[in-house]
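**Q** Sharing final00.txt here; it has compact mmCIF, C-alpha atoms and all ligand atoms.
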# COMPACT_ATOMS: atom_id res chain seq x y z
CA MET A 1 -158.45 87.87 -83.05
CA ILE A 2 -161.67 87.86 -85.07
CA ARG A 3 -160.66 84.53 -86.53
CA LEU A 4 -160.06 83.11 -83.05
CA VAL A 5 -163.51 84.23 -81.92
CA LEU A 6 -165.04 82.62 -84.98
CA VAL A 7 -163.25 79.34 -84.35
CA LEU A 8 -164.32 79.37 -80.71
CA SER A 9 -167.94 80.06 -81.54
CA MET A 10 -167.89 77.19 -84.02
CA VAL A 11 -166.65 74.92 -81.26
CA PHE A 12 -169.44 76.04 -78.96
CA ILE A 13 -172.23 75.44 -81.40
CA SER A 14 -171.00 72.02 -82.44
CA PRO A 15 -173.76 69.35 -82.20
CA ALA A 16 -172.18 67.70 -79.19
CA ALA A 17 -172.13 70.97 -77.30
CA ALA A 18 -175.69 71.80 -78.18
CA ASP A 19 -176.96 68.51 -76.72
CA SER A 20 -177.39 69.65 -73.18
CA THR A 21 -178.84 73.05 -73.84
CA ARG A 22 -182.47 73.85 -73.32
CA ASP A 23 -183.11 74.32 -77.01
CA SER A 24 -181.47 71.05 -77.85
CA PRO A 25 -182.03 69.93 -81.43
CA TRP A 26 -183.25 66.63 -79.96
CA ALA A 27 -186.29 68.35 -78.53
CA ARG A 28 -187.11 69.97 -81.88
CA PHE A 29 -187.31 66.86 -84.06
CA SER A 30 -190.83 65.95 -85.09
CA GLN A 31 -190.20 62.80 -87.12
CA PRO A 32 -188.47 59.55 -86.18
CA ALA A 33 -185.17 58.73 -87.82
CA PRO A 34 -186.09 56.27 -90.60
CA GLY A 35 -185.76 52.51 -90.36
CA THR A 36 -186.79 49.83 -87.93
CA SER A 37 -186.36 50.50 -84.23
CA GLU A 38 -182.73 50.58 -83.19
CA VAL A 39 -180.93 52.16 -80.26
CA VAL A 40 -177.40 53.54 -80.22
CA GLY A 41 -175.36 54.32 -77.11
CA SER A 42 -176.16 54.07 -73.41
CA TYR A 43 -179.30 54.89 -71.44
CA ALA A 44 -177.92 58.30 -70.46
CA ASN A 45 -176.02 59.07 -73.65
CA GLY A 46 -177.54 57.82 -76.85
CA CYS A 47 -180.36 58.02 -79.37
CA LEU A 48 -183.16 56.13 -81.06
CA LEU A 49 -183.82 55.35 -84.71
CA GLY A 50 -187.14 54.15 -86.10
CA ALA A 51 -189.09 55.17 -83.00
CA GLU A 52 -192.66 53.98 -82.45
CA LYS A 53 -195.32 56.18 -80.95
CA LEU A 54 -197.42 55.27 -77.94
CA GLU A 55 -201.04 56.12 -78.63
CA VAL A 56 -202.82 58.44 -76.24
CA LYS A 57 -204.92 55.59 -74.92
CA GLY A 58 -205.15 51.83 -75.23
CA PRO A 59 -206.52 48.85 -73.31
CA GLY A 60 -205.43 49.34 -69.69
CA TYR A 61 -203.33 52.49 -70.14
CA GLN A 62 -203.45 56.23 -70.71
CA SER A 63 -200.52 58.27 -71.90
CA ILE A 64 -200.20 61.58 -70.04
CA ARG A 65 -198.18 64.81 -70.34
CA ARG A 66 -198.35 64.60 -74.12
CA HIS A 67 -197.24 68.22 -74.44
CA ARG A 68 -193.75 67.07 -73.44
CA LYS A 69 -193.59 64.99 -76.65
CA ARG A 70 -191.91 62.09 -74.92
CA PHE A 71 -194.27 59.35 -75.99
CA PHE A 72 -191.83 57.58 -78.32
CA GLY A 73 -189.88 54.43 -77.77
CA HIS A 74 -188.21 51.43 -79.30
CA SER A 75 -190.84 49.01 -80.62
CA ARG A 76 -190.02 46.64 -77.73
CA LEU A 77 -190.88 49.34 -75.19
CA ILE A 78 -194.21 50.15 -76.84
CA ALA A 79 -195.01 46.41 -76.98
CA PHE A 80 -194.06 46.00 -73.31
CA ILE A 81 -196.33 48.86 -72.19
CA LYS A 82 -199.25 47.42 -74.13
CA ARG A 83 -198.95 43.87 -72.80
CA PHE A 84 -198.26 45.08 -69.25
CA ALA A 85 -201.36 47.32 -69.34
CA VAL A 86 -203.52 44.44 -70.59
CA SER A 87 -202.24 42.19 -67.79
CA LEU A 88 -203.11 44.87 -65.23
CA GLN A 89 -206.53 45.24 -66.76
CA ASP A 90 -207.04 41.46 -66.59
CA ARG A 91 -206.44 41.72 -62.84
CA GLY A 92 -209.17 44.32 -62.58
CA PHE A 93 -206.81 47.26 -61.97
CA GLU A 94 -207.62 50.71 -63.25
CA ASP A 95 -205.74 52.17 -66.24
CA ILE A 96 -202.06 52.73 -65.62
CA LEU A 97 -200.87 56.25 -66.40
CA VAL A 98 -197.78 56.38 -68.59
CA GLY A 99 -195.52 59.43 -68.38
CA ASP A 100 -192.23 60.12 -70.12
CA LEU A 101 -190.70 57.64 -72.51
CA SER A 102 -188.28 59.32 -74.96
CA GLN A 103 -188.23 62.03 -77.58
CA VAL A 104 -188.92 61.07 -81.18
CA ARG A 105 -185.22 60.44 -81.82
CA GLY A 106 -184.28 59.85 -78.21
CA GLY A 107 -181.19 61.82 -77.24
CA PRO A 108 -180.57 64.16 -74.32
CA LEU A 109 -183.62 65.77 -72.77
CA PRO A 110 -183.48 69.48 -72.04
CA PHE A 111 -185.02 68.90 -68.59
CA GLY A 112 -186.24 66.18 -66.29
CA HIS A 113 -184.01 63.15 -66.85
CA ARG A 114 -180.51 62.03 -67.59
CA SER A 115 -181.60 58.70 -68.97
CA HIS A 116 -184.68 58.13 -71.19
CA GLN A 117 -182.37 58.68 -74.19
CA LEU A 118 -182.75 55.32 -75.95
CA GLY A 119 -186.48 54.69 -76.01
CA LEU A 120 -186.03 51.88 -73.48
CA ASP A 121 -187.08 53.76 -70.30
CA ALA A 122 -190.62 54.51 -69.14
CA ASP A 123 -192.11 56.33 -66.16
CA LEU A 124 -195.29 54.68 -64.92
CA TRP A 125 -197.42 56.20 -62.17
CA PHE A 126 -198.30 54.23 -59.06
CA THR A 127 -201.68 55.91 -58.66
CA ALA A 128 -204.05 58.29 -60.40
CA PRO A 129 -203.88 61.91 -59.24
CA ASP A 130 -206.43 63.34 -56.84
CA SER A 131 -207.64 65.77 -59.46
CA LYS A 132 -207.68 65.84 -63.23
CA LEU A 133 -204.40 67.73 -63.10
CA ARG A 134 -201.70 65.41 -64.31
CA GLY A 135 -199.06 67.89 -65.33
CA ASP A 136 -197.45 68.40 -61.95
CA ASP A 137 -195.87 65.73 -59.74
CA LYS A 138 -197.47 67.31 -56.69
CA ASN A 139 -200.92 66.24 -57.91
CA PHE A 140 -199.95 62.61 -57.48
CA ARG A 141 -199.80 61.24 -53.97
CA SER A 142 -196.46 59.95 -52.78
CA LEU A 143 -196.19 56.41 -51.46
CA VAL A 144 -193.49 57.65 -49.11
CA ASN A 145 -193.50 60.27 -46.41
CA VAL A 146 -190.04 61.62 -47.14
CA HIS A 147 -189.78 63.40 -43.78
CA THR A 148 -190.39 60.31 -41.66
CA GLU A 149 -189.08 57.89 -44.32
CA GLN A 150 -192.12 55.71 -43.81
CA ILE A 151 -194.66 54.30 -46.24
CA ASN A 152 -197.85 56.37 -46.53
CA ARG A 153 -200.30 53.68 -45.48
CA ASP A 154 -203.31 55.46 -46.89
CA VAL A 155 -201.77 55.46 -50.39
CA TRP A 156 -200.19 52.00 -50.30
CA SER A 157 -202.27 49.00 -51.34
CA ASP A 158 -201.79 45.40 -52.47
CA ARG A 159 -201.96 46.69 -56.01
CA ILE A 160 -198.47 48.23 -55.65
CA PRO A 161 -196.46 45.01 -55.11
CA ALA A 162 -198.69 43.17 -57.61
CA THR A 163 -197.98 45.81 -60.26
CA LEU A 164 -194.23 45.84 -59.64
CA LYS A 165 -194.07 42.04 -59.64
CA LEU A 166 -195.84 41.85 -62.96
CA ALA A 167 -193.42 44.33 -64.52
CA ALA A 168 -190.35 42.68 -62.99
CA GLU A 169 -191.36 39.27 -64.31
CA ASP A 170 -191.43 40.50 -67.89
CA PRO A 171 -188.35 39.08 -69.63
CA ASP A 172 -187.68 42.34 -71.50
CA VAL A 173 -187.41 44.31 -68.25
CA ALA A 174 -183.87 44.83 -66.97
CA ARG A 175 -184.49 47.06 -63.93
CA ILE A 176 -187.19 48.94 -62.12
CA PHE A 177 -186.31 51.96 -59.99
CA VAL A 178 -188.35 52.82 -56.90
CA HIS A 179 -187.78 54.95 -53.81
CA TRP A 180 -185.60 53.04 -51.35
CA VAL A 181 -188.36 53.13 -48.71
CA ILE A 182 -190.60 51.27 -51.19
CA LYS A 183 -187.89 48.68 -51.80
CA ASN A 184 -187.59 48.24 -48.02
CA GLU A 185 -191.31 47.73 -47.69
CA LEU A 186 -191.27 45.08 -50.42
CA CYS A 187 -188.33 43.33 -48.77
CA LYS A 188 -190.25 43.17 -45.49
CA THR A 189 -193.63 42.16 -46.82
CA VAL A 190 -193.08 39.95 -49.88
CA GLY A 191 -193.29 36.28 -48.95
CA GLU A 192 -191.45 33.28 -50.35
CA ASP A 193 -191.92 34.06 -54.03
CA ARG A 194 -189.40 36.90 -54.06
CA SER A 195 -186.97 36.28 -56.91
CA TRP A 196 -188.59 39.18 -58.83
CA LEU A 197 -187.43 41.61 -56.14
CA ARG A 198 -183.96 41.49 -57.63
CA LYS A 199 -184.91 43.72 -60.54
CA VAL A 200 -186.53 46.30 -58.25
CA ARG A 201 -183.70 48.67 -57.40
CA PRO A 202 -183.77 51.24 -54.58
CA TRP A 203 -183.17 54.81 -55.67
CA TRP A 204 -184.01 58.41 -54.80
CA GLY A 205 -187.26 60.04 -55.88
CA HIS A 206 -189.58 57.52 -57.56
CA SER A 207 -192.15 57.64 -54.78
CA ARG A 208 -194.98 58.69 -57.10
CA HIS A 209 -193.93 56.86 -60.22
CA PHE A 210 -191.66 53.92 -60.95
CA HIS A 211 -189.18 53.76 -63.76
CA VAL A 212 -189.01 50.67 -65.96
CA ARG A 213 -185.88 50.05 -68.02
CA LEU A 214 -185.68 47.41 -70.72
CA HIS A 215 -182.67 45.36 -71.73
CA CYS A 216 -180.77 46.23 -74.89
CA PRO A 217 -182.91 44.75 -77.66
CA GLU A 218 -181.79 42.44 -80.44
CA GLY A 219 -180.82 44.24 -83.61
CA SER A 220 -179.12 47.11 -81.78
CA PRO A 221 -175.42 46.24 -81.80
CA GLY A 222 -174.56 49.77 -80.66
CA CYS A 223 -176.65 49.54 -77.48
CA VAL A 224 -174.50 49.72 -74.32
CA SER A 225 -175.88 47.54 -71.50
CA GLN A 226 -175.60 48.37 -67.84
CA ALA A 227 -173.65 46.03 -65.60
CA SER A 228 -175.84 43.12 -64.55
CA ILE A 229 -177.60 43.25 -61.20
CA PRO A 230 -175.88 41.39 -58.34
CA LYS A 231 -177.41 38.02 -57.39
CA GLY A 232 -180.07 37.80 -54.72
CA ASP A 233 -183.22 39.77 -53.94
CA GLY A 234 -181.36 43.03 -53.26
CA CYS A 235 -182.71 43.15 -49.71
CA GLY A 236 -179.36 43.30 -47.94
CA LYS A 237 -177.75 46.52 -46.86
CA GLU A 238 -178.08 47.91 -50.40
CA ALA A 239 -181.81 48.38 -49.79
CA TRP A 240 -181.23 50.57 -46.75
CA PHE A 241 -180.03 54.03 -47.50
CA SER A 242 -178.18 55.02 -44.34
CA ALA A 243 -178.92 58.21 -42.45
CA ALA A 244 -175.49 59.45 -43.57
CA GLN A 245 -176.35 58.87 -47.25
CA VAL A 246 -179.66 60.62 -46.85
CA LYS A 247 -178.01 63.60 -45.15
CA LYS A 248 -175.32 63.82 -47.80
CA ARG A 249 -177.90 63.63 -50.57
CA LYS A 250 -180.01 66.38 -49.02
CA ALA A 251 -176.98 68.65 -48.65
CA ARG A 252 -175.95 67.99 -52.22
CA THR A 253 -179.42 68.73 -53.56
CA LYS A 254 -179.52 71.98 -51.63
CA ALA A 255 -176.07 73.06 -52.85
CA GLY A 256 -176.84 71.87 -56.37
CA LYS A 257 -179.93 74.04 -56.57
CA LYS A 258 -177.88 77.05 -55.56
CA ASP A 259 -175.21 76.79 -58.18
CA LYS A 260 -177.09 75.04 -60.95
CA LYS A 261 -177.25 78.33 -62.77
CA LYS A 262 -173.53 78.90 -62.43
CA ARG A 263 -172.41 75.39 -63.36
CA PRO A 264 -173.87 73.84 -66.53
CA ARG A 265 -174.23 70.07 -66.70
CA LYS A 266 -171.19 68.14 -67.77
CA ARG A 267 -171.35 67.73 -71.51
CA ARG A 268 -171.08 64.27 -72.91
CA VAL A 269 -170.17 63.43 -76.45
CA LEU A 270 -172.82 61.36 -78.16
CA PRO A 271 -171.93 58.31 -80.28
CA PRO A 272 -171.10 59.30 -83.91
CA ARG A 273 -174.29 57.73 -85.33
CA CYS A 274 -176.34 59.93 -83.02
CA ARG A 275 -174.38 63.05 -83.87
CA ALA A 276 -174.96 62.30 -87.54
CA LEU A 277 -178.72 62.55 -86.95
CA ILE A 278 -178.25 66.19 -86.00
CA VAL A 279 -175.78 67.06 -88.69
CA ASN A 280 -177.80 65.38 -91.47
CA PRO A 281 -181.33 65.45 -90.14
ZN ZN B 1 -187.75 57.79 -65.37
Render the structure in this file as structure tokens.
**A**
Amino acid sequence: MIRLVLVLSMVFISPAAADSTRDSPWARFSQPAPGTSEVVGSYANGCLLGAEKLEVKGPGYQSIRRHRKRFFGHSRLIAFIKRFAVSLQDRGFEDILVGDLSQVRGGPLPFGHRSHQLGLDADLWFTAPDSKLRGDDKNFRSLVNVHTEQINRDVWSDRIPATLKLAAEDPDVARIFVHWVIKNELCKTVGEDRSWLRKVRPWWGHSRHFHVRLHCPEGSPGCVSQASIPKGDGCGKEAWFSAAQVKKRKARTKAGKKDKKKRPRKRRVLPPRCRALIVNP
């Protein structure tokens, strides 16, 4: 019996099992895995070698929420943020605030995201907060009134579509996630030059920040791409989340909150090269 208990406990503390726990080894690393930047796995199940650090400040950007230690990315992501910020600055826009990228070796995050595991995802804020407090989402104004499902006109400005267009036109960018009401607004208001809208994908949340995802970079044969985006500007029925979808989502969120404590997240097994980073750190 004692032996059985021992075997079981060994199973439960295996690296794969520890991934999704709050004290995940991925959150404890302080140094990048050596080598040049390389990603292994998929956006929601993978890791990052040779991470680069985003500095706290640079021309056109400020990195925020540094205490979360998610200011690392693949070198292509860091380069994208820098050139994007400079382009915004050239247009006379104020500094863009950069939130979560990835942990120093990527991997599963103990809270906040399922993706952001490869160093190819970045959260960028639409606006500056009303106060100096940048730690809490509530301090940033939402572009969407989620009760009426309408754009908040006093927060929206021409800077929003200009910013998203600039990001979408970058060849390294694969997708940008925004709240579906924002996607709708773009579909209605963007004129003839609308091919960039294709990369802007409607999602839930993302009314205060947008999420930029880069393509798998060269030199990362183990990077698993997402399926490519369907042709067109994405302004057909896919941009309109039906009342039924919204209702279902709300019910699910409510139920999810209730039994989150009872039901742990489904555990995924990381690619072997990622698991090796934990076993032989
Ligand atoms: Zn994100």
**Q** Residues within 10 Å of ligand ZN 1 (chain B) should be enumerated using only C-alpha atoms and all ligand atoms and returned as a list of chain:residue names.
**A**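 The neighbouring residues of ligand ZN 1 (chain B) are, in order, A:Gly99, A:Asp100, A:Leu101, A:Ser102, A:Gly112, A:His113, A:Arg114, A:Ser115, A:His116, A:Asp121, A:Ala122, A:Asp123, A:Leu124, A:Ile176, A:Phe177, A:Val178, A:Gly205, A:His206, A:His209, A:Phe210, A:His211, A:Val212, A:Arg213.
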**Q** Just the residues within 12 Å of A:Arg76, please, counting all atoms listed in the file, with nothing from its chain fewer than 3 positions along; format it as an NGL selection string.
**A** :A and (36-39 or 50-54 or 72-73 or 79-84 or 118-122 or 170-173 or 213-220)
**Q** Keeping only C-alpha atoms, take the residues you just selected and write them out as an mmCIF file, in the coordinates of the input.
**A**
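Result written to again09.cif:
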data_model
loop_
_atom_site.group_PDB
_atom_site.id
_atom_site.type_symbol
_atom_site.label_atom_id
_atom_site.label_comp_id
_atom_site.auth_asym_id
_atom_site.auth_seq_id
_atom_site.Cartn_x
_atom_site.Cartn_y
_atom_site.Cartn_z
ATOM 1 C CA THR A 36 -186.790 49.830 -87.930
ATOM 2 C CA SER A 37 -186.360 50.500 -84.230
ATOM 3 C CA GLU A 38 -182.730 50.580 -83.190
ATOM 4 C CA VAL A 39 -180.930 52.160 -80.260
ATOM 5 C CA GLY A 50 -187.140 54.150 -86.100
ATOM 6 C CA ALA A 51 -189.090 55.170 -83.000
ATOM 7 C CA GLU A 52 -192.660 53.980 -82.450
ATOM 8 C CA LYS A 53 -195.320 56.180 -80.950
ATOM 9 C CA LEU A 54 -197.420 55.270 -77.940
ATOM 10 C CA PHE A 72 -191.830 57.580 -78.320
ATOM 11 C CA GLY A 73 -189.880 54.430 -77.770
ATOM 12 C CA ALA A 79 -195.010 46.410 -76.980
ATOM 13 C CA PHE A 80 -194.060 46.000 -73.310
ATOM 14 C CA ILE A 81 -196.330 48.860 -72.190
ATOM 15 C CA LYS A 82 -199.250 47.420 -74.130
ATOM 16 C CA ARG A 83 -198.950 43.870 -72.800
ATOM 17 C CA PHE A 84 -198.260 45.080 -69.250
ATOM 18 C CA LEU A 118 -182.750 55.320 -75.950
ATOM 19 C CA GLY A 119 -186.480 54.690 -76.010
ATOM 20 C CA LEU A 120 -186.030 51.880 -73.480
ATOM 21 C CA ASP A 121 -187.080 53.760 -70.300
ATOM 22 C CA ALA A 122 -190.620 54.510 -69.140
ATOM 23 C CA ASP A 170 -191.430 40.500 -67.890
ATOM 24 C CA PRO A 171 -188.350 39.080 -69.630
ATOM 25 C CA ASP A 172 -187.680 42.340 -71.500
ATOM 26 C CA VAL A 173 -187.410 44.310 -68.250
ATOM 27 C CA ARG A 213 -185.880 50.050 -68.020
ATOM 28 C CA LEU A 214 -185.680 47.410 -70.720
ATOM 29 C CA HIS A 215 -182.670 45.360 -71.730
ATOM 30 C CA CYS A 216 -180.770 46.230 -74.890
ATOM 31 C CA PRO A 217 -182.910 44.750 -77.660
ATOM 32 C CA GLU A 218 -181.790 42.440 -80.440
ATOM 33 C CA GLY A 219 -180.820 44.240 -83.610
ATOM 34 C CA SER A 220 -179.120 47.110 -81.780
#
**Q** Can you tell me how far atom CA of A:Trp156 sits from atom CA of A:Lys237, in Å to one decimal?
**A**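 Atom CA of A:Lys237 lies at a distance of 23.4 Å from atom CA of A:Trp156.
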**Q** Using only C-alpha atoms for the distances, tell me which of A:Val155, A:Ala128, A:Ile278, A:Ile78 is nearest to A:Ile96.
**A**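 Using only C-alpha atoms, A:Ile96 sits closest to A:Ala128.
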**Q** Record the distance separating atom CA of A:Val104 and atom CA of A:Pro34, expressed in Å with one decimal.
**A**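 Going from atom CA of A:Val104 over to atom CA of A:Pro34 covers 10.9 Å.
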**Q** One decimal, Å: what's the distance from atom CA of A:Lys57 over to atom CA of A:Arg70, could you say?
**A**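 Interatomic distance, atom CA of A:Lys57 to atom CA of A:Arg70: 14.5 Å.
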**Q** Considering all atoms listed in the file, can you say which of A:Gln89, A:Gln31, A:Gln103, A:Thr148 comes closest to A:Val246?
**A**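 Nearest candidate to A:Val246 out of A:Gln89, A:Gln31, A:Gln103, A:Thr148: A:Thr148.
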**Q** With distances taken over only C-alpha atoms, which of A:Val86, A:Val56, A:Ile151, A:Leu166 is nearest to A:Val98?
**A**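 That would be A:Val56, the residue with the smallest distance to A:Val98.
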**Q** Counting all atoms listed in the file, which residue out of A:Glu94, A:Lys254, A:Leu277, A:Lys188 sits closest to A:Cys235?
**A**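 Of the candidates, the smallest distance to A:Cys235 is held by A:Lys188.
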**Q** Of the candidates A:Lys132, A:Thr253, A:Gly236, A:Arg141, which shows the shortest atom-to-atom distance to A:Lys183, using only C-alpha atoms?
**A**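 Closest residue, counting only C-alpha atoms: A:Gly236.
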